[in-house]
$ cat work_10.pdb   # PDB, C-alpha atoms, pLDDT in the B column
MODEL        1
ATOM      1  CA  MET A1038     138.830  45.406 153.926  1.00 36.00           C
ATOM      2  CA  PRO A1039     135.125  45.891 153.239  1.00 40.00           C
ATOM      3  CA  VAL A1040     132.724  43.394 154.745  1.00 44.00           C
ATOM      4  CA  ASN A1041     130.123  41.944 152.383  1.00 41.00           C
ATOM      5  CA  GLY A1042     129.961  45.052 150.237  1.00 40.00           C
ATOM      6  CA  CYS A1043     129.713  47.422 153.196  1.00 46.00           C
ATOM      7  CA  SER A1044     125.956  46.879 153.414  1.00 65.00           C
ATOM      8  CA  ASP A1045     123.548  49.065 155.332  1.00 75.00           C
ATOM      9  CA  LEU A1046     123.541  46.402 158.055  1.00 80.00           C
ATOM     10  CA  VAL A1047     127.314  46.560 158.526  1.00 83.00           C
ATOM     11  CA  TYR A1048     127.179  50.341 158.670  1.00 81.00           C
ATOM     12  CA  ALA A1049     124.297  50.238 161.169  1.00 84.00           C
ATOM     13  CA  ILE A1050     126.132  47.756 163.418  1.00 85.00           C
ATOM     14  CA  LEU A1051     129.211  49.966 163.532  1.00 86.00           C
ATOM     15  CA  ALA A1052     127.114  53.087 164.100  1.00 85.00           C
ATOM     16  CA  VAL A1053     125.298  51.549 167.064  1.00 85.00           C
ATOM     17  CA  LEU A1054     128.527  50.254 168.607  1.00 85.00           C
ATOM     18  CA  ARG A1055     130.158  53.626 168.246  1.00 83.00           C
ATOM     19  CA  GLU A1056     127.206  55.453 169.762  1.00 81.00           C
ATOM     20  CA  HIS A1057     126.728  52.898 172.555  1.00 76.00           C
ATOM     21  CA  GLY A1058     130.348  53.108 173.669  1.00 75.00           C
ATOM     22  CA  LYS A1059     130.035  49.937 175.768  1.00 80.00           C
ATOM     23  CA  PRO A1060     130.156  46.203 175.002  1.00 84.00           C
ATOM     24  CA  ILE A1061     127.019  45.016 173.255  1.00 84.00           C
ATOM     25  CA  GLY A1062     125.967  41.552 172.108  1.00 80.00           C
ATOM     26  CA  SER A1063     124.078  40.402 169.022  1.00 77.00           C
ATOM     27  CA  GLY A1064     120.778  40.025 170.931  1.00 79.00           C
ATOM     28  CA  ALA A1065     120.802  43.567 172.288  1.00 82.00           C
ATOM     29  CA  LEU A1066     122.015  44.838 168.934  1.00 82.00           C
ATOM     30  CA  TYR A1067     119.146  43.031 167.203  1.00 78.00           C
ATOM     31  CA  CYS A1068     116.610  44.836 169.402  1.00 83.00           C
ATOM     32  CA  ARG A1069     118.306  48.186 168.858  1.00 80.00           C
ATOM     33  CA  LEU A1070     118.365  47.813 165.063  1.00 80.00           C
ATOM     34  CA  LEU A1071     114.774  46.617 165.018  1.00 77.00           C
ATOM     35  CA  ASP A1072     113.746  49.749 166.912  1.00 76.00           C
ATOM     36  CA  GLU A1073     115.571  51.839 164.305  1.00 72.00           C
ATOM     37  CA  GLY A1074     113.700  50.204 161.435  1.00 72.00           C
ATOM     38  CA  LEU A1075     116.430  47.906 160.124  1.00 71.00           C
ATOM     39  CA  PRO A1076     115.106  44.350 160.450  1.00 69.00           C
ATOM     40  CA  ALA A1077     117.676  41.568 160.445  1.00 74.00           C
ATOM     41  CA  SER A1078     117.740  38.257 162.259  1.00 78.00           C
ATOM     42  CA  ALA A1079     119.888  37.832 165.349  1.00 77.00           C
ATOM     43  CA  PRO A1080     121.945  35.051 163.657  1.00 81.00           C
ATOM     44  CA  THR A1081     122.666  37.337 160.691  1.00 82.00           C
ATOM     45  CA  ILE A1082     123.771  40.121 163.011  1.00 82.00           C
ATOM     46  CA  GLY A1083     125.954  37.649 164.897  1.00 81.00           C
ATOM     47  CA  ARG A1084     127.652  36.531 161.678  1.00 84.00           C
ATOM     48  CA  ARG A1085     128.329  40.109 160.621  1.00 85.00           C
ATOM     49  CA  MET A1086     129.815  40.890 164.014  1.00 85.00           C
ATOM     50  CA  GLN A1087     132.089  37.845 163.726  1.00 85.00           C
ATOM     51  CA  GLU A1088     133.238  38.986 160.287  1.00 87.00           C
ATOM     52  CA  LEU A1089     133.983  42.442 161.635  1.00 88.00           C
ATOM     53  CA  GLU A1090     135.871  40.928 164.549  1.00 87.00           C
ATOM     54  CA  GLN A1091     137.954  38.724 162.223  1.00 87.00           C
ATOM     55  CA  ARG A1092     138.996  41.821 160.312  1.00 87.00           C
ATOM     56  CA  GLY A1093     140.030  43.584 163.490  1.00 89.00           C
ATOM     57  CA  TYR A1094     137.188  46.098 163.543  1.00 89.00           C
ATOM     58  CA  LEU A1095     135.520  44.678 166.672  1.00 90.00           C
ATOM     59  CA  LYS A1096     136.902  43.154 169.833  1.00 88.00           C
ATOM     60  CA  LYS A1097     135.151  40.795 172.243  1.00 86.00           C
ATOM     61  CA  VAL A1098     135.587  42.080 175.786  1.00 82.00           C
ATOM     62  CA  SER A1099     133.027  39.920 177.575  1.00 72.00           C
ATOM     63  CA  ALA A1100     131.026  36.760 177.028  1.00 69.00           C
ATOM     64  CA  GLY A1101     128.190  38.686 175.478  1.00 66.00           C
ATOM     65  CA  GLY A1102     129.641  41.871 174.107  1.00 84.00           C
ATOM     66  CA  ARG A1103     131.976  43.496 171.595  1.00 86.00           C
ATOM     67  CA  VAL A1104     133.299  47.012 171.168  1.00 87.00           C
ATOM     68  CA  LEU A1105     134.834  48.952 168.310  1.00 86.00           C
ATOM     69  CA  THR A1106     138.626  48.801 167.963  1.00 89.00           C
ATOM     70  CA  PRO A1107     140.697  51.784 166.771  1.00 89.00           C
ATOM     71  CA  SER A1108     140.745  50.124 163.325  1.00 88.00           C
ATOM     72  CA  GLY A1109     136.971  49.831 163.524  1.00 85.00           C
ATOM     73  CA  GLU A1110     136.695  53.527 164.301  1.00 86.00           C
ATOM     74  CA  LYS A1111     138.759  54.385 161.227  1.00 83.00           C
ATOM     75  CA  PHE A1112     136.787  51.942 159.085  1.00 83.00           C
ATOM     76  CA  PHE A1113     133.503  53.490 160.225  1.00 81.00           C
ATOM     77  CA  GLU A1114     134.783  57.012 159.496  1.00 77.00           C
ATOM     78  CA  ARG A1115     135.765  55.892 156.018  1.00 73.00           C
ATOM     79  CA  LEU A1116     132.317  54.372 155.451  1.00 76.00           C
ATOM     80  CA  GLU A1117     130.702  57.618 156.552  1.00 71.00           C
ATOM     81  CA  GLN A1118     132.843  59.557 154.116  1.00 63.00           C
ATOM     82  CA  GLU A1119     132.013  57.191 151.261  1.00 62.00           C
ATOM     83  CA  ARG A1120     128.291  57.347 152.021  1.00 63.00           C
ATOM     84  CA  GLY A1121     128.497  61.131 152.101  1.00 55.00           C
ATOM     85  CA  ILE A1122     130.297  61.205 148.750  1.00 50.00           C
ATOM     86  CA  ASP A1123     127.633  58.949 147.274  1.00 55.00           C
ATOM     87  CA  ARG A1124     124.949  61.388 148.374  1.00 56.00           C
ATOM     88  CA  TYR A1125     126.807  64.354 146.912  1.00 48.00           C
ATOM     89  CA  SER A1126     127.445  62.409 143.702  1.00 50.00           C
ATOM     90  CA  ALA A1127     123.768  61.520 143.363  1.00 55.00           C
ATOM     91  CA  ASN A1128     122.758  65.168 143.721  1.00 52.00           C
ATOM     92  CA  PHE A1129     125.483  66.177 141.286  1.00 50.00           C
ATOM     93  CA  LEU A1130     124.351  63.650 138.678  1.00 52.00           C
ATOM     94  CA  ARG A1131     120.786  64.844 138.990  1.00 57.00           C
ATOM     95  CA  LEU A1132     122.006  68.347 138.246  1.00 52.00           C
ATOM     96  CA  LEU A1133     123.985  67.058 135.257  1.00 51.00           C
ATOM     97  CA  LYS A1134     120.913  65.342 133.881  1.00 54.00           C
ATOM     98  CA  ASN A1135     118.468  68.146 134.548  1.00 53.00           C
ATOM     99  CA  GLY A1136     118.527  71.916 134.263  1.00 48.00           C
ATOM    100  CA  GLY A1137     121.438  72.346 136.660  1.00 55.00           C
ATOM    101  CA  ARG A1138     123.957  71.114 134.064  1.00 66.00           C
ATOM    102  CA  LYS A1139     124.488  74.629 132.703  1.00 73.00           C
ATOM    103  CA  GLU A1140     125.005  75.959 136.226  1.00 72.00           C
ATOM    104  CA  ILE A1141     127.736  73.400 136.913  1.00 75.00           C
ATOM    105  CA  PHE A1142     129.675  74.217 133.766  1.00 81.00           C
ATOM    106  CA  ASP A1143     129.158  77.949 134.296  1.00 81.00           C
ATOM    107  CA  VAL A1144     130.690  77.617 137.783  1.00 81.00           C
ATOM    108  CA  LEU A1145     133.653  75.584 136.515  1.00 86.00           C
ATOM    109  CA  ASN A1146     134.314  77.943 133.598  1.00 89.00           C
ATOM    110  CA  ALA A1147     134.159  80.951 135.910  1.00 88.00           C
ATOM    111  CA  ARG A1148     136.593  79.250 138.266  1.00 90.00           C
ATOM    112  CA  ARG A1149     139.025  78.671 135.401  1.00 93.00           C
ATOM    113  CA  VAL A1150     139.148  82.385 134.582  1.00 93.00           C
ATOM    114  CA  VAL A1151     139.238  83.698 138.153  1.00 93.00           C
ATOM    115  CA  GLU A1152     141.551  81.098 139.683  1.00 95.00           C
ATOM    116  CA  GLY A1153     143.975  81.348 136.771  1.00 96.00           C
ATOM    117  CA  HIS A1154     144.461  85.036 137.534  1.00 96.00           C
ATOM    118  CA  ILE A1155     144.634  84.361 141.258  1.00 96.00           C
ATOM    119  CA  ALA A1156     147.357  81.738 140.772  1.00 97.00           C
ATOM    120  CA  ALA A1157     149.407  84.287 138.822  1.00 97.00           C
ATOM    121  CA  LEU A1158     149.031  86.844 141.618  1.00 96.00           C
ATOM    122  CA  ALA A1159     149.987  84.269 144.253  1.00 96.00           C
ATOM    123  CA  ALA A1160     153.094  83.249 142.291  1.00 97.00           C
ATOM    124  CA  ASP A1161     154.166  86.876 141.917  1.00 95.00           C
ATOM    125  CA  LYS A1162     154.280  87.384 145.678  1.00 91.00           C
ATOM    126  CA  ALA A1163     154.682  83.826 146.962  1.00 94.00           C
ATOM    127  CA  SER A1164     156.177  83.619 150.434  1.00 95.00           C
ATOM    128  CA  ASP A1165     158.175  80.704 151.771  1.00 95.00           C
ATOM    129  CA  ARG A1166     155.369  80.186 154.289  1.00 94.00           C
ATOM    130  CA  LEU A1167     152.786  79.808 151.503  1.00 95.00           C
ATOM    131  CA  ILE A1168     154.949  77.314 149.656  1.00 96.00           C
ATOM    132  CA  ARG A1169     155.434  75.238 152.811  1.00 96.00           C
ATOM    133  CA  SER A1170     151.696  75.316 153.472  1.00 95.00           C
ATOM    134  CA  LEU A1171     150.854  74.209 149.924  1.00 96.00           C
ATOM    135  CA  ARG A1172     153.466  71.449 150.064  1.00 96.00           C
ATOM    136  CA  LYS A1173     151.991  70.177 153.318  1.00 95.00           C
ATOM    137  CA  LEU A1174     148.506  70.104 151.795  1.00 93.00           C
ATOM    138  CA  LEU A1175     149.730  68.134 148.783  1.00 93.00           C
ATOM    139  CA  ASP A1176     151.562  65.658 151.009  1.00 93.00           C
ATOM    140  CA  GLU A1177     148.356  65.190 153.005  1.00 90.00           C
ATOM    141  CA  GLN A1178     146.349  64.819 149.803  1.00 87.00           C
ATOM    142  CA  ARG A1179     148.743  62.148 148.548  1.00 87.00           C
ATOM    143  CA  ARG A1180     148.435  60.192 151.791  1.00 86.00           C
ATOM    144  CA  ALA A1181     144.643  60.496 151.689  1.00 81.00           C
ATOM    145  CA  ILE A1182     144.515  59.169 148.115  1.00 77.00           C
ATOM    146  CA  GLN A1183     146.883  56.330 148.946  1.00 79.00           C
ATOM    147  CA  GLY A1184     144.551  55.474 151.825  1.00 77.00           C
ATOM    148  CA  GLY A1185     141.614  55.126 149.460  1.00 71.00           C
ATOM    149  CA  GLU A1186     140.078  58.565 150.039  1.00 73.00           C
ATOM    150  CA  THR A1187     139.432  61.300 147.453  1.00 70.00           C
ATOM    151  CA  GLY A1188     141.568  63.984 149.130  1.00 77.00           C
ATOM    152  CA  VAL A1189     138.776  66.521 148.623  1.00 76.00           C
ATOM    153  CA  ASP A1190     139.420  68.415 151.863  1.00 79.00           C
ATOM    154  CA  GLN A1191     143.061  68.970 150.918  1.00 86.00           C
ATOM    155  CA  ASP A1192     141.957  69.917 147.394  1.00 85.00           C
ATOM    156  CA  ILE A1193     139.684  72.629 148.760  1.00 83.00           C
ATOM    157  CA  GLY A1194     142.370  73.825 151.170  1.00 88.00           C
ATOM    158  CA  PHE A1195     144.951  74.047 148.359  1.00 93.00           C
ATOM    159  CA  HIS A1196     142.778  76.280 146.181  1.00 91.00           C
ATOM    160  CA  GLU A1197     141.641  78.478 149.051  1.00 90.00           C
ATOM    161  CA  ALA A1198     145.205  78.968 150.316  1.00 94.00           C
ATOM    162  CA  ILE A1199     146.231  80.212 146.867  1.00 96.00           C
ATOM    163  CA  ALA A1200     143.208  82.538 146.745  1.00 93.00           C
ATOM    164  CA  ASP A1201     144.025  84.019 150.141  1.00 91.00           C
ATOM    165  CA  ALA A1202     147.682  84.465 149.141  1.00 94.00           C
ATOM    166  CA  SER A1203     146.788  86.393 145.985  1.00 93.00           C
ATOM    167  CA  GLY A1204     146.415  89.623 147.947  1.00 91.00           C
ATOM    168  CA  ASN A1205     143.252  90.529 146.039  1.00 92.00           C
ATOM    169  CA  THR A1206     140.429  90.326 148.550  1.00 89.00           C
ATOM    170  CA  VAL A1207     137.713  90.783 145.915  1.00 88.00           C
ATOM    171  CA  LEU A1208     138.949  87.948 143.702  1.00 88.00           C
ATOM    172  CA  ALA A1209     139.526  85.774 146.782  1.00 88.00           C
ATOM    173  CA  ALA A1210     135.914  86.376 147.839  1.00 86.00           C
ATOM    174  CA  VAL A1211     134.713  85.463 144.341  1.00 85.00           C
ATOM    175  CA  THR A1212     136.741  82.249 144.493  1.00 84.00           C
ATOM    176  CA  HIS A1213     135.282  81.312 147.871  1.00 81.00           C
ATOM    177  CA  LEU A1214     131.792  82.026 146.509  1.00 78.00           C
ATOM    178  CA  LEU A1215     132.324  79.845 143.429  1.00 78.00           C
ATOM    179  CA  ARG A1216     133.709  77.063 145.604  1.00 76.00           C
ATOM    180  CA  SER A1217     130.790  77.319 148.036  1.00 68.00           C
ATOM    181  CA  HIS A1218     128.925  74.768 145.885  1.00 64.00           C
ATOM    182  CA  TYR A1219     129.993  72.089 148.363  1.00 59.00           C
ATOM    183  CA  HIS A1220     128.172  69.169 146.738  1.00 58.00           C
ATOM    184  CA  VAL A1221     129.795  70.090 143.413  1.00 64.00           C
ATOM    185  CA  ASN A1222     133.283  70.119 144.954  1.00 64.00           C
ATOM    186  CA  ARG A1223     132.865  66.742 146.618  1.00 60.00           C
ATOM    187  CA  ALA A1224     131.128  65.102 143.676  1.00 61.00           C
ATOM    188  CA  VAL A1225     133.713  66.360 141.187  1.00 69.00           C
ATOM    189  CA  SER A1226     136.489  64.886 143.341  1.00 63.00           C
ATOM    190  CA  ALA A1227     134.622  61.590 143.590  1.00 61.00           C
ATOM    191  CA  ILE A1228     134.006  61.484 139.843  1.00 63.00           C
ATOM    192  CA  ARG A1229     137.627  62.273 139.003  1.00 62.00           C
ATOM    193  CA  SER A1230     138.924  59.563 141.327  1.00 58.00           C
ATOM    194  CA  ARG A1231     136.536  56.998 139.862  1.00 55.00           C
ATOM    195  CA  ILE A1232     137.389  57.648 136.219  1.00 49.00           C
ATOM    196  CA  GLY A1233     141.112  57.591 136.898  1.00 46.00           C
ATOM    197  CA  THR A1234     142.087  61.260 136.659  1.00 52.00           C
ATOM    198  CA  ARG A1235     144.083  62.601 139.575  1.00 66.00           C
ATOM    199  CA  SER A1236     144.136  66.245 140.603  1.00 80.00           C
ATOM    200  CA  LEU A1237     147.366  65.691 142.524  1.00 86.00           C
ATOM    201  CA  MET A1238     149.492  65.897 139.369  1.00 89.00           C
ATOM    202  CA  ASP A1239     147.807  69.159 138.386  1.00 91.00           C
ATOM    203  CA  HIS A1240     148.380  70.558 141.855  1.00 94.00           C
ATOM    204  CA  GLU A1241     152.062  69.638 141.695  1.00 95.00           C
ATOM    205  CA  ALA A1242     152.424  71.620 138.459  1.00 96.00           C
ATOM    206  CA  ILE A1243     150.687  74.626 140.029  1.00 97.00           C
ATOM    207  CA  LEU A1244     152.890  74.437 143.118  1.00 97.00           C
ATOM    208  CA  GLN A1245     156.037  74.179 141.009  1.00 97.00           C
ATOM    209  CA  ALA A1246     155.150  77.374 139.146  1.00 97.00           C
ATOM    210  CA  ILE A1247     154.355  79.186 142.400  1.00 97.00           C
ATOM    211  CA  THR A1248     157.568  77.930 143.999  1.00 97.00           C
ATOM    212  CA  GLN A1249     159.556  79.302 141.048  1.00 97.00           C
ATOM    213  CA  ARG A1250     157.633  82.598 141.299  1.00 97.00           C
ATOM    214  CA  GLU A1251     156.498  82.357 137.662  1.00 97.00           C
ATOM    215  CA  PRO A1252     153.069  84.034 137.336  1.00 97.00           C
ATOM    216  CA  ALA A1253     152.489  83.081 133.683  1.00 97.00           C
ATOM    217  CA  ALA A1254     153.301  79.444 134.336  1.00 97.00           C
ATOM    218  CA  ALA A1255     151.070  79.424 137.432  1.00 97.00           C
ATOM    219  CA  ARG A1256     148.172  80.863 135.446  1.00 97.00           C
ATOM    220  CA  THR A1257     148.641  78.269 132.690  1.00 97.00           C
ATOM    221  CA  ALA A1258     148.889  75.391 135.185  1.00 97.00           C
ATOM    222  CA  MET A1259     145.727  76.473 137.025  1.00 96.00           C
ATOM    223  CA  GLU A1260     143.750  76.989 133.824  1.00 96.00           C
ATOM    224  CA  HIS A1261     144.883  73.562 132.593  1.00 95.00           C
ATOM    225  CA  HIS A1262     143.776  72.053 135.912  1.00 93.00           C
ATOM    226  CA  LEU A1263     140.280  73.529 135.664  1.00 92.00           C
ATOM    227  CA  SER A1264     140.049  72.583 131.976  1.00 93.00           C
ATOM    228  CA  THR A1265     140.755  68.944 132.813  1.00 89.00           C
ATOM    229  CA  ILE A1266     138.085  69.039 135.525  1.00 86.00           C
ATOM    230  CA  ILE A1267     135.562  70.356 132.989  1.00 87.00           C
ATOM    231  CA  ALA A1268     136.594  67.634 130.523  1.00 86.00           C
ATOM    232  CA  ASP A1269     136.296  64.938 133.209  1.00 81.00           C
ATOM    233  CA  VAL A1270     132.808  66.065 134.232  1.00 78.00           C
ATOM    234  CA  ASN A1271     131.709  66.193 130.602  1.00 79.00           C
ATOM    235  CA  ARG A1272     133.142  62.718 129.950  1.00 78.00           C
ATOM    236  CA  CYS A1273     131.323  61.401 133.017  1.00 71.00           C
ATOM    237  CA  ARG A1274     128.064  62.917 131.768  1.00 68.00           C
ATOM    238  CA  LYS A1275     128.490  61.279 128.353  1.00 71.00           C
ATOM    239  CA  ARG A1276     129.154  57.895 129.939  1.00 68.00           C
ATOM    240  CA  ILE A1277     126.146  58.014 132.229  1.00 58.00           C
ATOM    241  CA  PHE A1278     123.715  59.845 129.932  1.00 52.00           C
ATOM    242  CA  PRO A1279     124.852  58.883 126.397  1.00 56.00           C
ATOM    243  CA  LYS A1280     121.481  59.506 124.750  1.00 53.00           C
ATOM    244  CA  GLN A1281     121.169  62.973 126.243  1.00 52.00           C
ATOM    245  CA  ALA A1282     124.746  63.887 125.295  1.00 48.00           C
ATOM    246  CA  SER A1283     124.208  62.603 121.750  1.00 53.00           C
ATOM    247  CA  SER A1284     121.071  64.667 121.259  1.00 54.00           C
ATOM    248  CA  GLU A1285     122.935  67.800 122.367  1.00 55.00           C
ATOM    249  CA  ALA A1286     125.864  67.243 120.020  1.00 51.00           C
TER     250      ALA A1286
ENDMDL
END
$ encode --input "work_10.pdb" --output "structure tokens"
Amino acid sequence: MPVNGCSDLVYAILAVLREHGKPIGSGALYCRLLDEGLPASAPTIGRRMQELEQRGYLKKVSAGGRVLTPSGEKFFERLEQERGIDRYSANFLRLLKNGGRKEIFDVLNARRVVEGHIAALAADKASDRLIRSLRKLLDEQRRAIQGGETGVDQDIGFHEAIADASGNTVLAAVTHLLRSHYHVNRAVSAIRSRIGTRSLMDHEAILQAITQREPAAARTAMEHHLSTIIADVNRCRKRIFPKQASSEA
């Protein structure tokens, strides 16, 4: 459970505790945070540490010190991921608003054409090993989403596994190049999760076609998947920049 909106102070406390690796009290933590340019009173830091302890993220091991618990480690890792996604999303939205908008849609449209053909090739020669690998990735993606994450790493792995299995090294290289826009990949996943569209259902349809060794169905499923991504990004742009979208209509 987030603590007081997962403020910068909470994040900083967890970061210092993780880096320190030993029990640390609110007084020592106050001095450390002050040195790092994050002013906060010792009583405030003490209250935040108590809140974190109540939620099982910290554990008191001595009269004047606490350490991170395993749950605290996981919570901190999740905060780091969320902060990273926010940074990617901010960059992505700047591109949407400015001249990079065309580049984003050009990349996504190119992916739709190339990855549709790649999915057909992969389905035509799908091995049992590939199908098991794709199923594992989707199971991991489902668990990640259920745990409150975007599942972006599994998403990337799913598409790249299909590209590698296509047998066409040139098209696979093109796919990897198009997907090298890392901030776009992460921001698109974040945007889709926030507006309620889930890539997992699309991936299931792609996997089903590959499992049945149906190239045409695999191509259609992949093209539909990329088309929904394009629609989601465009819908997000219209929500956030309605005046700009209206003037372009």
$ closest_residue --input "work_10.pdb" --among "A:Ile1266, A:Leu1089, A:Val1053, A:Ile1193" --to "Asp1072 (chain A)" --atoms "all atoms listed in the file"
A:Val1053
$ resolve_selection --input "work_10.pdb" --expression "the PyMOL selection byres ((chain A and resi 1054-1060) around 6)" --output "CSV table (one decimal) with C-alpha atoms, in the frame of the given file"
chain,number,residue,atom,x,y,z
A,1051,LEU,CA,129.2,50.0,163.5
A,1052,ALA,CA,127.1,53.1,164.1
A,1053,VAL,CA,125.3,51.5,167.1
A,1061,ILE,CA,127.0,45.0,173.3
A,1102,GLY,CA,129.6,41.9,174.1
A,1103,ARG,CA,132.0,43.5,171.6
A,1104,VAL,CA,133.3,47.0,171.2
$ closest_residue --input "work_10.pdb" --among "A:Asp1165, A:Ser1264, A:Ala1160, A:Glu1197" --to "Phe1142 (chain A)" --atoms "all atoms listed in the file"
A:Ser1264
$ residues_around --input "work_10.pdb" --residues "Leu1244 (chain A)" --least-positions-apart "2" --cutoff "9 Å" --atoms "only C-alpha atoms" --output "list in words"
Ala1160, Ile1168, Leu1171, Arg1172, Asp1239, His1240, Glu1241, Ala1242, Ala1246, Ile1247, Thr1248, Gln1249, Ala1255 and Ala1258 of chain A
$ closest_residue --input "work_10.pdb" --among "A:Glu1140, A:Glu1114, A:Asp1192, A:Asp1201" --to "Ser1236 (chain A)" --atoms "all atoms listed in the file"
A:Asp1192
$ closest_residue --input "work_10.pdb" --among "A:Ile1141, A:Leu1167, A:Leu1208, A:Val1047" --to "His1154 (chain A)" --atoms "all atoms listed in the file"
A:Leu1208
$ atom_distance --input "work_10.pdb" --atom1 "CA of Glu1177 (chain A)" --atom2 "CA of Ala1202 (chain A)"
19.7 Å
$ residues_around --input "work_10.pdb" --residues "Ala1198 (chain A)" --least-positions-apart "4" --cutoff "12 Å" --atoms "only C-alpha atoms" --output "ChimeraX atom specification"
/A:1152,1155-1156,1159,1163-1164,1166-1175,1191-1194,1202-1204,1209,1212-1213,1244
$ closest_residue --input "work_10.pdb" --among "A:Glu1088, A:Glu1073, A:Glu1186, A:Asp1176" --to "Arg1115 (chain A)" --atoms "all atoms listed in the file"
A:Glu1186
$ closest_residue --input "work_10.pdb" --among "A:Met1259, A:Asp1143, A:Thr1106, A:Ile1050" --to "Leu1075 (chain A)" --atoms "all atoms listed in the file"
A:Ile1050
$ atom_distance --input "work_10.pdb" --atom1 "CA of Ile1243 (chain A)" --atom2 "CA of Gly1188 (chain A)"
16.7 Å
$ atom_distance --input "work_10.pdb" --atom1 "CA of Ala1181 (chain A)" --atom2 "CA of Ser1108 (chain A)"
16.1 Å
$ axis_aligned_box --input "work_10.pdb" --around "region 1181-1186 of chain A" --padding-each-side "3 Å" --output "JSON"
{"center_x": 143.5, "center_y": 57.8, "center_z": 150.0, "size_x": 12.8, "size_y": 11.4, "size_z": 9.7}
